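This is upload-v1.cif (mmCIF, C-alpha atoms (C1' of nucleotides)).
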data_my_file
#
loop_
_atom_site.label_atom_id
_atom_site.label_comp_id
_atom_site.auth_asym_id
_atom_site.auth_seq_id
_atom_site.Cartn_x
_atom_site.Cartn_y
_atom_site.Cartn_z
CA MET L 201 14.06 27.08 -49.77
CA ALA L 202 14.97 30.53 -48.52
CA ARG L 203 18.64 31.25 -48.94
CA ARG L 204 20.70 32.73 -46.13
CA SER L 205 22.86 35.79 -46.43
CA SER L 206 26.61 35.50 -46.26
CA ALA L 207 26.73 37.11 -42.82
CA GLU L 208 24.04 34.84 -41.42
CA THR L 209 25.77 31.69 -42.58
CA LYS L 210 29.09 32.88 -41.26
CA ALA L 211 27.55 33.56 -37.85
CA THR L 212 25.83 30.18 -37.82
CA ILE L 213 29.07 28.40 -38.59
CA LEU L 214 30.90 30.36 -35.92
CA ALA L 215 28.31 29.50 -33.28
CA ALA L 216 28.52 25.82 -34.15
CA ALA L 217 32.31 25.96 -34.13
CA ARG L 218 32.38 27.57 -30.69
CA GLU L 219 30.19 24.82 -29.29
CA ARG L 220 32.20 22.02 -30.83
CA PHE L 221 35.59 23.46 -29.93
CA ALA L 222 34.41 24.11 -26.37
CA ALA L 223 33.01 20.63 -25.96
CA GLU L 224 35.60 18.55 -27.77
CA GLY L 225 38.82 20.52 -28.19
CA TYR L 226 40.67 21.34 -31.37
CA ASP L 227 41.43 17.90 -32.77
CA ARG L 228 38.11 16.17 -32.15
CA ALA L 229 36.01 19.08 -33.31
CA THR L 230 35.96 18.21 -37.00
CA ILE L 231 35.02 20.62 -39.73
CA ARG L 232 32.59 18.05 -41.02
CA ALA L 233 30.75 17.94 -37.69
CA ILE L 234 30.68 21.71 -37.35
CA ALA L 235 29.32 22.02 -40.88
CA ALA L 236 26.65 19.42 -40.12
CA ASP L 237 25.61 21.37 -37.00
CA ALA L 238 25.28 24.48 -39.11
CA ALA L 239 23.36 22.51 -41.77
CA ILE L 240 25.87 23.46 -44.40
CA ASP L 241 28.47 21.83 -46.62
CA PRO L 242 32.00 21.53 -45.18
CA SER L 243 33.40 23.40 -48.15
CA MET L 244 31.50 26.52 -47.08
CA VAL L 245 33.51 26.59 -43.87
CA MET L 246 36.66 26.78 -45.93
CA ARG L 247 35.19 29.50 -48.09
CA TYR L 248 34.42 31.72 -45.11
CA PHE L 249 37.32 30.98 -42.79
CA GLY L 250 40.13 29.80 -45.05
CA ASN L 251 41.11 26.74 -43.05
CA LYS L 252 40.60 25.09 -39.70
CA GLU L 253 43.07 27.31 -37.91
CA GLY L 254 41.31 30.39 -39.21
CA LEU L 255 38.01 29.10 -37.94
CA PHE L 256 39.54 28.39 -34.56
CA THR L 257 41.06 31.85 -34.33
CA ALA L 258 37.65 33.38 -34.99
CA ALA L 259 35.98 31.09 -32.45
CA ALA L 260 38.52 31.73 -29.70
CA ASP L 261 38.20 35.49 -29.80
CA PHE L 262 36.63 36.94 -26.68
CA ASP L 263 36.72 39.71 -24.12
CA LEU L 264 37.19 39.16 -20.38
CA ARG L 265 35.25 42.41 -19.70
CA LEU L 266 37.19 42.93 -16.52
CA PRO L 267 35.90 45.64 -14.19
CA ASP L 268 38.28 48.29 -12.95
CA VAL L 269 39.08 46.64 -9.64
CA ALA L 270 41.36 49.49 -8.62
CA ALA L 271 38.25 51.67 -8.24
CA LEU L 272 36.71 49.29 -5.68
CA PRO L 273 37.17 49.30 -1.92
CA ARG L 274 40.46 47.48 -1.59
CA ASP L 275 39.09 44.65 0.53
CA GLN L 276 36.50 43.69 -2.07
CA VAL L 277 38.91 43.07 -4.92
CA GLY L 278 39.13 39.31 -4.37
CA THR L 279 35.45 38.47 -4.12
CA THR L 280 34.53 40.81 -6.95
CA LEU L 281 37.05 39.17 -9.23
CA ALA L 282 35.95 35.67 -8.23
CA ARG L 283 32.31 36.47 -8.93
CA HIS L 284 33.13 38.17 -12.22
CA PHE L 285 35.13 35.25 -13.62
CA LEU L 286 32.53 32.77 -12.47
CA LEU L 287 29.79 34.51 -14.45
CA ARG L 288 32.07 35.07 -17.40
CA TRP L 289 32.94 31.38 -17.67
CA GLU L 290 29.30 30.44 -17.72
CA GLU L 291 28.09 32.94 -20.29
CA ASP L 292 30.93 32.99 -22.82
CA GLU L 293 31.84 29.76 -24.55
CA GLY L 294 34.91 31.43 -26.01
CA MET L 295 36.74 31.04 -22.72
CA MET L 296 36.07 27.32 -22.67
CA VAL L 297 37.22 27.04 -26.26
CA LEU L 298 40.54 28.55 -25.40
CA LEU L 299 41.09 26.51 -22.24
CA ARG L 300 40.26 23.19 -23.91
CA THR L 301 42.36 23.82 -26.97
CA ALA L 302 45.31 25.48 -25.26
CA VAL L 303 46.27 22.14 -23.78
CA THR L 304 47.03 20.59 -27.16
CA SER L 305 47.66 23.52 -29.47
CA GLU L 306 50.58 25.90 -29.29
CA VAL L 307 48.62 28.47 -31.28
CA ALA L 308 45.97 28.53 -28.58
CA VAL L 309 48.56 28.91 -25.84
CA GLU L 310 49.99 31.93 -27.61
CA ARG L 311 46.51 33.42 -27.87
CA MET L 312 46.00 32.85 -24.15
CA ARG L 313 49.25 34.58 -23.26
CA GLN L 314 48.19 37.46 -25.45
CA ILE L 315 44.80 37.82 -23.74
CA MET L 316 46.48 37.72 -20.34
CA ALA L 317 48.94 40.40 -21.34
CA GLU L 318 46.36 42.64 -23.00
CA GLN L 319 43.38 42.27 -20.69
CA LEU L 320 44.49 41.00 -17.30
CA ALA L 321 47.90 42.56 -16.87
CA PRO L 322 46.76 46.20 -17.12
CA VAL L 323 44.14 45.67 -14.43
CA VAL L 324 46.59 44.01 -12.08
CA ARG L 325 49.13 46.72 -12.70
CA ARG L 326 46.70 49.31 -11.41
CA LEU L 327 46.66 47.46 -8.11
CA VAL L 328 50.36 46.60 -7.99
CA PRO L 329 52.53 49.34 -9.49
CA ASP L 330 55.81 47.43 -9.48
CA PRO L 331 55.90 45.53 -12.81
CA GLU L 332 57.86 42.55 -11.57
CA GLU L 333 55.62 42.06 -8.58
CA ALA L 334 52.53 42.59 -10.72
CA ALA L 335 53.61 39.70 -12.93
CA LEU L 336 54.03 37.46 -9.88
CA ARG L 337 50.63 38.41 -8.50
CA MET L 338 48.93 37.92 -11.85
CA GLY L 339 50.52 34.51 -12.23
CA LEU L 340 49.21 33.35 -8.88
CA VAL L 341 45.73 34.66 -9.63
CA ILE L 342 45.58 32.90 -12.97
CA THR L 343 46.53 29.55 -11.46
CA GLN L 344 43.59 29.65 -9.09
CA ILE L 345 41.12 30.93 -11.69
CA LEU L 346 42.10 28.48 -14.41
CA GLY L 347 42.33 25.68 -11.88
CA MET L 348 38.75 26.25 -10.81
CA ALA L 349 37.57 26.47 -14.43
CA LEU L 350 39.47 23.33 -15.35
CA CYS L 351 38.11 21.23 -12.49
CA ARG L 352 34.55 22.55 -12.68
CA TYR L 353 33.81 22.97 -16.38
CA VAL L 354 36.29 20.78 -18.21
CA LEU L 355 37.00 17.84 -15.90
CA ARG L 356 33.70 18.18 -14.05
CA LEU L 357 35.18 16.71 -10.89
CA PRO L 358 32.17 15.97 -8.68
CA PRO L 359 33.19 17.85 -5.50
CA VAL L 360 34.05 20.94 -7.55
CA ALA L 361 31.07 20.78 -9.89
CA ALA L 362 28.79 20.56 -6.86
CA LEU L 363 29.91 23.90 -5.42
CA THR L 364 27.42 26.77 -5.44
CA HIS L 365 28.34 30.19 -6.76
CA ASP L 366 28.33 31.59 -3.25
CA GLN L 367 30.62 28.87 -1.97
CA ILE L 368 33.12 29.54 -4.73
CA VAL L 369 33.11 33.27 -4.14
CA THR L 370 33.45 32.77 -0.39
CA TRP L 371 36.42 30.43 -0.69
CA LEU L 372 38.26 31.79 -3.72
CA GLY L 373 37.67 35.46 -2.94
CA PRO L 374 40.11 35.58 0.00
CA THR L 375 42.68 33.60 -1.96
CA LEU L 376 42.65 36.06 -4.84
CA GLN L 377 42.58 38.91 -2.34
CA ARG L 378 45.75 37.62 -0.73
CA TYR L 379 47.50 36.97 -4.04
CA LEU L 380 46.77 40.55 -5.12
CA THR L 381 47.06 42.64 -2.00
CA ALA L 382 48.95 40.82 0.74
CA MET M 883 71.24 -8.21 -33.73
CA ALA M 884 70.60 -9.02 -30.09
CA ARG M 885 66.94 -9.60 -29.46
CA ARG M 886 65.18 -8.02 -26.52
CA SER M 887 63.10 -9.87 -24.01
CA SER M 888 59.37 -9.38 -23.90
CA ALA M 889 59.57 -7.42 -20.65
CA GLU M 890 62.29 -5.13 -21.95
CA THR M 891 60.38 -4.24 -25.08
CA LYS M 892 57.21 -3.65 -23.16
CA ALA M 893 59.02 -1.28 -20.82
CA THR M 894 60.65 0.56 -23.71
CA ILE M 895 57.29 1.07 -25.40
CA LEU M 896 55.75 2.26 -22.16
CA ALA M 897 58.49 4.82 -21.58
CA ALA M 898 58.11 6.16 -25.12
CA ALA M 899 54.34 6.27 -24.71
CA ARG M 900 54.57 8.23 -21.48
CA GLU M 901 56.77 10.82 -23.11
CA ARG M 902 54.57 11.21 -26.16
CA PHE M 903 51.31 11.31 -24.23
CA ALA M 904 52.75 13.84 -21.79
CA ALA M 905 54.09 16.07 -24.54
CA GLU M 906 51.30 15.85 -27.10
CA GLY M 907 48.14 14.55 -25.47
CA TYR M 908 46.07 11.53 -26.41
CA ASP M 909 45.09 12.33 -29.99
CA ARG M 910 48.38 13.66 -31.32
CA ALA M 911 50.48 10.96 -29.73
CA THR M 912 50.22 8.37 -32.49
CA ILE M 913 51.02 4.72 -32.07
CA ARG M 914 53.29 4.95 -35.07
CA ALA M 915 55.36 7.72 -33.46
CA ILE M 916 55.56 5.88 -30.15
CA ALA M 917 56.66 2.71 -31.93
CA ALA M 918 59.30 4.66 -33.85
CA ASP M 919 60.64 6.11 -30.59
CA ALA M 920 60.89 2.59 -29.22
CA ALA M 921 62.55 1.41 -32.45
CA ILE M 922 59.88 -1.20 -32.97
CA ASP M 923 57.07 -2.00 -35.38
CA PRO M 924 53.66 -0.47 -34.55
CA SER M 925 52.07 -3.88 -34.51
CA MET M 926 54.15 -4.83 -31.49
CA VAL M 927 52.40 -2.12 -29.52
CA MET M 928 49.09 -3.79 -30.27
CA ARG M 929 50.49 -7.16 -29.32
CA TYR M 930 51.58 -5.97 -25.88
CA PHE M 931 48.83 -3.49 -25.00
CA GLY M 932 45.82 -4.58 -27.03
CA ASN M 933 44.90 -1.16 -28.40
CA LYS M 934 45.63 2.52 -27.94
CA GLU M 935 43.36 2.86 -24.96
CA GLY M 936 45.13 -0.02 -23.23
CA LEU M 937 48.47 1.61 -23.86
CA PHE M 938 47.19 4.87 -22.46
CA THR M 939 45.79 3.21 -19.37
CA ALA M 940 49.17 1.64 -18.69
CA ALA M 941 50.97 4.95 -19.30
CA ALA M 942 48.65 6.96 -17.07
CA ASP M 943 49.03 4.71 -14.07
CA PHE M 944 50.85 6.36 -11.22
CA ASP M 945 50.97 6.89 -7.47
CA LEU M 946 50.71 10.27 -5.78
CA ARG M 947 52.76 8.91 -2.85
CA LEU M 948 51.00 11.26 -0.51
CA PRO M 949 52.48 11.56 2.97
CA ASP M 950 50.22 11.12 5.95
CA VAL M 951 49.58 14.80 6.56
CA ALA M 952 47.42 14.04 9.59
CA ALA M 953 50.58 13.01 11.43
CA LEU M 954 52.20 16.43 10.88
CA PRO M 955 51.93 19.52 13.05
CA ARG M 956 48.60 20.92 11.93
CA ASP M 957 50.00 24.24 10.77
CA GLN M 958 52.46 22.60 8.35
CA VAL M 959 49.89 20.72 6.32
CA GLY M 960 49.60 23.33 3.58
CA THR M 961 53.26 23.92 2.85
CA THR M 962 54.11 20.23 3.10
CA LEU M 963 51.43 19.39 0.58
CA ALA M 964 52.51 22.19 -1.77
CA ARG M 965 56.12 21.05 -1.71
CA HIS M 966 55.17 17.40 -2.17
CA PHE M 967 53.02 18.00 -5.23
CA LEU M 968 55.63 20.28 -6.75
CA LEU M 969 58.29 17.58 -6.60
CA ARG M 970 55.88 14.92 -7.73
CA TRP M 971 54.92 16.85 -10.85
CA GLU M 972 58.52 17.23 -11.83
CA GLU M 973 59.64 13.67 -11.33
CA ASP M 974 56.69 11.63 -12.61
CA GLU M 975 55.61 12.07 -16.20
CA GLY M 976 52.49 10.04 -15.48
CA MET M 977 50.85 13.02 -13.84
CA MET M 978 51.43 15.16 -16.89
CA VAL M 979 50.05 12.42 -19.10
CA LEU M 980 46.83 12.37 -17.19
CA LEU M 981 46.41 16.14 -17.02
CA ARG M 982 47.07 16.65 -20.72
CA THR M 983 44.80 13.87 -21.86
CA ALA M 984 42.01 14.41 -19.35
CA VAL M 985 41.07 17.60 -21.17
CA THR M 986 40.07 15.75 -24.32
CA SER M 987 39.37 12.21 -23.25
CA GLU M 988 36.52 11.09 -21.05
CA VAL M 989 38.42 7.90 -20.21
CA ALA M 990 41.23 9.97 -18.74
CA VAL M 991 38.80 12.07 -16.71
CA GLU M 992 37.35 8.92 -15.21
CA ARG M 993 40.84 7.75 -14.31
CA MET M 994 41.56 11.10 -12.67
CA ARG M 995 38.39 10.92 -10.59
CA GLN M 996 39.41 7.44 -9.54
CA ILE M 997 42.89 8.54 -8.43
CA MET M 998 41.40 11.41 -6.48
CA ALA M 999 38.96 9.10 -4.76
CA GLU M 1000 41.49 6.40 -4.00
CA GLN M 1001 44.59 8.41 -3.13
CA LEU M 1002 43.63 11.96 -2.17
CA ALA M 1003 40.27 11.49 -0.49
CA PRO M 1004 41.50 9.15 2.28
CA VAL M 1005 44.24 11.58 3.28
CA VAL M 1006 41.88 14.53 3.39
CA ARG M 1007 39.36 12.54 5.39
CA ARG M 1008 41.91 12.02 8.12
CA LEU M 1009 42.08 15.80 8.49
CA VAL M 1010 38.37 16.47 8.04
CA PRO M 1011 36.22 13.73 9.52
CA ASP M 1012 32.86 14.91 8.16
CA PRO M 1013 32.59 13.29 4.68
CA GLU M 1014 30.61 16.08 3.05
CA GLU M 1015 32.98 18.76 4.27
CA ALA M 1016 35.98 16.61 3.31
CA ALA M 1017 34.71 16.52 -0.27
CA LEU M 1018 34.40 20.29 -0.32
CA ARG M 1019 37.91 20.78 1.06
CA MET M 1020 39.41 18.29 -1.33
CA GLY M 1021 37.71 19.99 -4.27
CA LEU M 1022 39.18 23.35 -3.34
CA VAL M 1023 42.64 21.89 -2.88
CA ILE M 1024 42.59 20.18 -6.24
CA THR M 1025 41.61 23.38 -8.07
CA GLN M 1026 44.69 25.16 -6.78
CA ILE M 1027 47.05 22.25 -7.37
CA LEU M 1028 45.87 21.44 -10.88
CA GLY M 1029 45.67 25.14 -11.70
CA MET M 1030 49.33 25.57 -10.82
CA ALA M 1031 50.34 22.47 -12.77
CA LEU M 1032 48.31 23.57 -15.78
CA CYS M 1033 49.76 27.08 -15.93
CA ARG M 1034 53.32 26.06 -15.13
CA TYR M 1035 53.90 22.79 -16.95
CA VAL M 1036 51.27 22.62 -19.68
CA LEU M 1037 50.60 26.20 -20.72
CA ARG M 1038 54.00 27.45 -19.56
CA LEU M 1039 52.63 30.92 -18.87
CA PRO M 1040 55.73 33.07 -18.34
CA PRO M 1041 54.92 34.61 -14.94
CA VAL M 1042 54.05 31.18 -13.54
CA ALA M 1043 56.90 29.28 -15.15
CA ALA M 1044 59.32 31.82 -13.71
CA LEU M 1045 58.36 31.09 -10.10
CA THR M 1046 60.92 29.36 -7.89
CA HIS M 1047 60.02 26.34 -5.80
CA ASP M 1048 60.24 28.40 -2.65
CA GLN M 1049 57.95 31.07 -4.01
CA ILE M 1050 55.34 28.51 -4.93
CA VAL M 1051 55.48 26.85 -1.55
CA THR M 1052 55.32 30.20 0.23
CA TRP M 1053 52.30 31.36 -1.72
CA LEU M 1054 50.33 28.17 -2.24
CA GLY M 1055 51.04 26.68 1.18
CA PRO M 1056 48.78 29.09 3.10
CA THR M 1057 46.05 28.70 0.47
CA LEU M 1058 46.00 24.93 0.84
CA GLN M 1059 46.25 25.33 4.60
CA ARG M 1060 43.13 27.47 4.64
CA TYR M 1061 41.22 25.18 2.30
CA LEU M 1062 41.98 22.22 4.54
CA THR M 1063 41.91 23.56 8.07
CA ALA M 1064 40.08 26.90 8.25
"C1'" DA P 509 13.34 38.61 -70.02
"C1'" DG P 510 17.98 38.02 -69.60
"C1'" DT P 511 22.17 37.65 -67.08
"C1'" DG P 512 25.87 37.99 -63.76
"C1'" DT P 513 26.94 36.73 -59.29
"C1'" DA P 514 26.79 35.12 -54.75
"C1'" DG P 515 25.37 31.13 -51.98
"C1'" DG P 516 25.46 26.36 -51.88
"C1'" DC P 517 26.29 21.36 -53.10
"C1'" DC P 518 28.78 17.25 -54.64
"C1'" DA P 519 32.46 14.19 -55.47
"C1'" DA P 520 36.88 13.42 -55.02
"C1'" DC P 521 41.98 13.91 -53.77
"C1'" DG P 522 45.81 12.67 -50.75
"C1'" DT P 523 47.15 11.73 -46.21
"C1'" DC P 524 47.14 9.86 -41.79
"C1'" DT P 525 45.24 6.88 -38.34
"C1'" DG P 526 44.36 2.45 -35.53
"C1'" DT P 527 44.35 -2.13 -36.39
"C1'" DT P 528 44.91 -6.81 -38.52
"C1'" DG P 529 46.89 -11.10 -40.36
"C1'" DA P 530 50.37 -13.51 -42.56
"C1'" DC P 531 55.12 -14.10 -42.92
"C1'" DT P 532 60.19 -14.38 -41.22
"C1'" DT P 533 63.89 -14.80 -37.91
"C1'" DT P 534 65.99 -16.00 -33.65
"C1'" DC P 535 66.87 -18.90 -29.75
"C1'" DG P 536 66.47 -22.09 -25.80
"C1'" DG P 537 65.35 -26.67 -24.46
"C1'" DA P 538 64.36 -31.72 -25.54
"C1'" DT V 43 70.27 -31.58 -33.88
"C1'" DC V 44 65.90 -30.30 -34.38
"C1'" DC V 45 61.75 -27.86 -33.47
"C1'" DG V 46 58.35 -25.04 -31.56
"C1'" DA V 47 57.49 -20.92 -29.38
"C1'" DA V 48 58.70 -16.26 -28.90
"C1'" DA V 49 60.13 -11.74 -30.99
"C1'" DG V 50 59.84 -9.00 -34.78
"C1'" DT V 51 58.71 -7.36 -39.72
"C1'" DC V 52 55.82 -6.26 -43.67
"C1'" DA V 53 51.98 -4.90 -46.27
"C1'" DA V 54 47.59 -3.79 -46.34
"C1'" DC V 55 42.76 -2.73 -44.71
"C1'" DA V 56 39.03 0.54 -43.84
"C1'" DG V 57 37.72 4.72 -42.08
"C1'" DA V 58 38.21 9.61 -41.07
"C1'" DC V 59 40.18 13.91 -41.84
"C1'" DG V 60 41.27 18.67 -44.11
"C1'" DT V 61 41.00 20.54 -48.36
"C1'" DT V 62 40.01 21.42 -53.40
"C1'" DG V 63 37.66 22.45 -57.79
"C1'" DG V 64 33.84 22.08 -60.63
"C1'" DC V 65 29.05 22.47 -61.00
"C1'" DC V 66 24.30 23.92 -59.93
"C1'" DT V 67 20.68 27.39 -58.61
"C1'" DA V 68 18.21 31.14 -56.87
"C1'" DC V 69 18.03 35.96 -56.67
"C1'" DA V 70 18.85 41.10 -57.78
"C1'" DC V 71 19.59 44.29 -61.16
"C1'" DT V 72 19.39 46.14 -65.97
#
Would you mind writing the file out in structure tokens?
Amino acid sequence: MARRSSAETKATILAAARERFAAEGYDRATIRAIAADAAIDPSMVMRYFGNKEGLFTAAADFDLRLPDVAALPRDQVGTTLARHFLLRWEEDEGMMVLLRTAVTSEVAVERMRQIMAEQLAPVVRRLVPDPEEAALRMGLVITQILGMALCRYVLRLPPVAALTHDQIVTWLGPTLQRYLTA
Amino acid sequence: MARRSSAETKATILAAARERFAAEGYDRATIRAIAADAAIDPSMVMRYFGNKEGLFTAAADFDLRLPDVAALPRDQVGTTLARHFLLRWEEDEGMMVLLRTAVTSEVAVERMRQIMAEQLAPVVRRLVPDPEEAALRMGLVITQILGMALCRYVLRLPPVAALTHDQIVTWLGPTLQRYLTA
DNA sequence: AGTGTAGGCCAACGTCTGTTGACTTTCGGA
DNA sequence: TCCGAAAGTCAACAGACGTTGGCCTACACT
């Protein structure tokens, strides 16, 4: 049996962890199950990631890859942002990991605040110079974005899951536009 | 030691369960902890509610108490709904129970779908007669409402938690108005 | 060929969980 | 006064979990 390299195994475990955390949340995603998915012994997970929290931290790391919306025509900010987040949710499991786990784990909430502050806040601040108002605007935007993600990908509420990409962009775009520029 | 009646004990357990489920979610809210809060033996919980799922079902039962928005002036639907949900979130722990647990438990999701269908759908359908369009409108509304509740009460994101009631009504009202009537 | 080391496995630990059944205590009605 | 049902306690079960330490084994380098 060919033996895997350290880096390969680590990547395999991480991929399995991301899937499990995204699908089941922190508590129900057991190390034993993740190890089984990766076709490895549970003790290897500990070797590479220290403990469960370490594994989670590695699995919940991601980049929003936000475009510089301040460079766009001002009236396209809302729809552009809506479309961007929609694609991002569907291609990066890390975002789902964080949303699912943040509800039960204080560590995950802290990580979410951090990502907001580091990745979303600077972009918003380029649109809204006043810091206090920028915080307000960002807060409103995040409620609508996370609300859509929650209902569509986590809860899978039928009327929301049935929406097409174009419908979502058409309806959420103006909302985000108003929250940011009105 | 004065002995409690069956109904009293059951109510005490239920109150403790609601608090624990709302604060910690389904998995972390243990029967032992709930029983301790109610100053009772864990086995009594089983006696009164059968099993953990039965206890949860009882704790997650609640009424949205939606007003008949179709009777209002049409342009006040959005703000009225925003204000109503805001108050409802803050006075009924049952809603928090369901939101927190729905993220990890399929049973809770099913219950949430049911409440939407039974309590929210009829109200929306009085505003939007066409059933297919009513489903679309309701879906949009629920994303914004749950998104706000998630960010404010569960994740406690600072910019969202800092909002006043009036700010929320002022900003979310027009959004809901557009989702329902535009 | 020999050997050190990195990758991997196995068995077990202590703890916590939901759940069960048998036992004890209280109290209201015949 | 007695007695049976109701309210409550106690101890234990079986399973799952995160985590640990010891042991094996294949491979690269001398």
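For chain V, the residues no farther than 9 Å from chain M when using all atoms listed in the file are DA48, DA49, DG50 and DT51 of chain V.
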Step by step, work through what the PyMOL selection byres ((chain L) within 10 of (chain M)) selects in the shown file, and finish by giving those residues as a PDB file with C-alpha atoms, keeping the file's coordinate frame.
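Output below, filename result23.pdb:
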ATOM      1  CA  ALA L 223      33.010  20.630 -25.960  1.00  0.00           C
ATOM      2  CA  GLU L 224      35.600  18.550 -27.770  1.00  0.00           C
ATOM      3  CA  GLY L 225      38.820  20.520 -28.190  1.00  0.00           C
ATOM      4  CA  TYR L 226      40.670  21.340 -31.370  1.00  0.00           C
ATOM      5  CA  ASP L 227      41.430  17.900 -32.770  1.00  0.00           C
ATOM      6  CA  ARG L 228      38.110  16.170 -32.150  1.00  0.00           C
ATOM      7  CA  LEU L 299      41.090  26.510 -22.240  1.00  0.00           C
ATOM      8  CA  ARG L 300      40.260  23.190 -23.910  1.00  0.00           C
ATOM      9  CA  THR L 301      42.360  23.820 -26.970  1.00  0.00           C
ATOM     10  CA  ALA L 302      45.310  25.480 -25.260  1.00  0.00           C
ATOM     11  CA  VAL L 303      46.270  22.140 -23.780  1.00  0.00           C
ATOM     12  CA  THR L 304      47.030  20.590 -27.160  1.00  0.00           C
ATOM     13  CA  SER L 305      47.660  23.520 -29.470  1.00  0.00           C
ATOM     14  CA  GLU L 306      50.580  25.900 -29.290  1.00  0.00           C
ATOM     15  CA  ALA L 308      45.970  28.530 -28.580  1.00  0.00           C
ATOM     16  CA  VAL L 309      48.560  28.910 -25.840  1.00  0.00           C
ATOM     17  CA  GLU L 310      49.990  31.930 -27.610  1.00  0.00           C
ATOM     18  CA  MET L 312      46.000  32.850 -24.150  1.00  0.00           C
ATOM     19  CA  ARG L 313      49.250  34.580 -23.260  1.00  0.00           C
ATOM     20  CA  MET L 316      46.480  37.720 -20.340  1.00  0.00           C
ATOM     21  CA  GLU L 332      57.860  42.550 -11.570  1.00  0.00           C
ATOM     22  CA  GLU L 333      55.620  42.060  -8.580  1.00  0.00           C
ATOM     23  CA  ALA L 334      52.530  42.590 -10.720  1.00  0.00           C
ATOM     24  CA  ALA L 335      53.610  39.700 -12.930  1.00  0.00           C
ATOM     25  CA  LEU L 336      54.030  37.460  -9.880  1.00  0.00           C
ATOM     26  CA  ARG L 337      50.630  38.410  -8.500  1.00  0.00           C
ATOM     27  CA  MET L 338      48.930  37.920 -11.850  1.00  0.00           C
ATOM     28  CA  GLY L 339      50.520  34.510 -12.230  1.00  0.00           C
ATOM     29  CA  LEU L 340      49.210  33.350  -8.880  1.00  0.00           C
ATOM     30  CA  VAL L 341      45.730  34.660  -9.630  1.00  0.00           C
ATOM     31  CA  ILE L 342      45.580  32.900 -12.970  1.00  0.00           C
ATOM     32  CA  THR L 343      46.530  29.550 -11.460  1.00  0.00           C
ATOM     33  CA  GLN L 344      43.590  29.650  -9.090  1.00  0.00           C
ATOM     34  CA  ILE L 345      41.120  30.930 -11.690  1.00  0.00           C
ATOM     35  CA  LEU L 346      42.100  28.480 -14.410  1.00  0.00           C
ATOM     36  CA  GLY L 347      42.330  25.680 -11.880  1.00  0.00           C
ATOM     37  CA  MET L 348      38.750  26.250 -10.810  1.00  0.00           C
ATOM     38  CA  ALA L 349      37.570  26.470 -14.430  1.00  0.00           C
ATOM     39  CA  LEU L 350      39.470  23.330 -15.350  1.00  0.00           C
ATOM     40  CA  CYS L 351      38.110  21.230 -12.490  1.00  0.00           C
ATOM     41  CA  ARG L 352      34.550  22.550 -12.680  1.00  0.00           C
ATOM     42  CA  VAL L 354      36.290  20.780 -18.210  1.00  0.00           C
ATOM     43  CA  LEU L 355      37.000  17.840 -15.900  1.00  0.00           C
ATOM     44  CA  ARG L 356      33.700  18.180 -14.050  1.00  0.00           C
ATOM     45  CA  LEU L 357      35.180  16.710 -10.890  1.00  0.00           C
ATOM     46  CA  PRO L 358      32.170  15.970  -8.680  1.00  0.00           C
ATOM     47  CA  PRO L 359      33.190  17.850  -5.500  1.00  0.00           C
ATOM     48  CA  VAL L 360      34.050  20.940  -7.550  1.00  0.00           C
ATOM     49  CA  ALA L 361      31.070  20.780  -9.890  1.00  0.00           C
ATOM     50  CA  ALA L 362      28.790  20.560  -6.860  1.00  0.00           C
ATOM     51  CA  LEU L 363      29.910  23.900  -5.420  1.00  0.00           C
ATOM     52  CA  GLN L 367      30.620  28.870  -1.970  1.00  0.00           C
ATOM     53  CA  ILE L 368      33.120  29.540  -4.730  1.00  0.00           C
ATOM     54  CA  TRP L 371      36.420  30.430  -0.690  1.00  0.00           C
ATOM     55  CA  LEU L 372      38.260  31.790  -3.720  1.00  0.00           C
ATOM     56  CA  PRO L 374      40.110  35.580   0.000  1.00  0.00           C
ATOM     57  CA  THR L 375      42.680  33.600  -1.960  1.00  0.00           C
ATOM     58  CA  LEU L 376      42.650  36.060  -4.840  1.00  0.00           C
ATOM     59  CA  ARG L 378      45.750  37.620  -0.730  1.00  0.00           C
ATOM     60  CA  TYR L 379      47.500  36.970  -4.040  1.00  0.00           C
TER      61      TYR L 379
END
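For the file shown, the residue list from the PyMOL selection byres ((chain P and resi 521) around 12) reads P:DA519, P:DA520, P:DG522, P:DT523, V:DG60, V:DT61, V:DT62, V:DG63.
Any residue of chain P with an atom within 10 Å of chain M counts; using all atoms listed in the file, that gives DC524, DT525, DG526, DT527, DT528, DT534 and DC535 of chain P.
When the PyMOL selection byres ((chain P and resi 512-514) around 12) is run on the displayed coordinates, the residues it returns are Arg203, Arg204, Ser205 and Ser206 of chain L; DG510, DT511, DG515 and DG516 of chain P; DT67, DA68, DC69, DA70, DC71 and DT72 of chain V.
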Grab the residues selected above and save them as an mmCIF file, in the coordinates of the input with C-alpha atoms (C1' of nucleotides).
data_model
loop_
_atom_site.group_PDB
_atom_site.id
_atom_site.type_symbol
_atom_site.label_atom_id
_atom_site.label_comp_id
_atom_site.auth_asym_id
_atom_site.auth_seq_id
_atom_site.Cartn_x
_atom_site.Cartn_y
_atom_site.Cartn_z
ATOM 1 C CA ARG L 203 18.640 31.250 -48.940
ATOM 2 C CA ARG L 204 20.700 32.730 -46.130
ATOM 3 C CA SER L 205 22.860 35.790 -46.430
ATOM 4 C CA SER L 206 26.610 35.500 -46.260
ATOM 5 C "C1'" DG P 510 17.980 38.020 -69.600
ATOM 6 C "C1'" DT P 511 22.170 37.650 -67.080
ATOM 7 C "C1'" DG P 515 25.370 31.130 -51.980
ATOM 8 C "C1'" DG P 516 25.460 26.360 -51.880
ATOM 9 C "C1'" DT V 67 20.680 27.390 -58.610
ATOM 10 C "C1'" DA V 68 18.210 31.140 -56.870
ATOM 11 C "C1'" DC V 69 18.030 35.960 -56.670
ATOM 12 C "C1'" DA V 70 18.850 41.100 -57.780
ATOM 13 C "C1'" DC V 71 19.590 44.290 -61.160
ATOM 14 C "C1'" DT V 72 19.390 46.140 -65.970
#
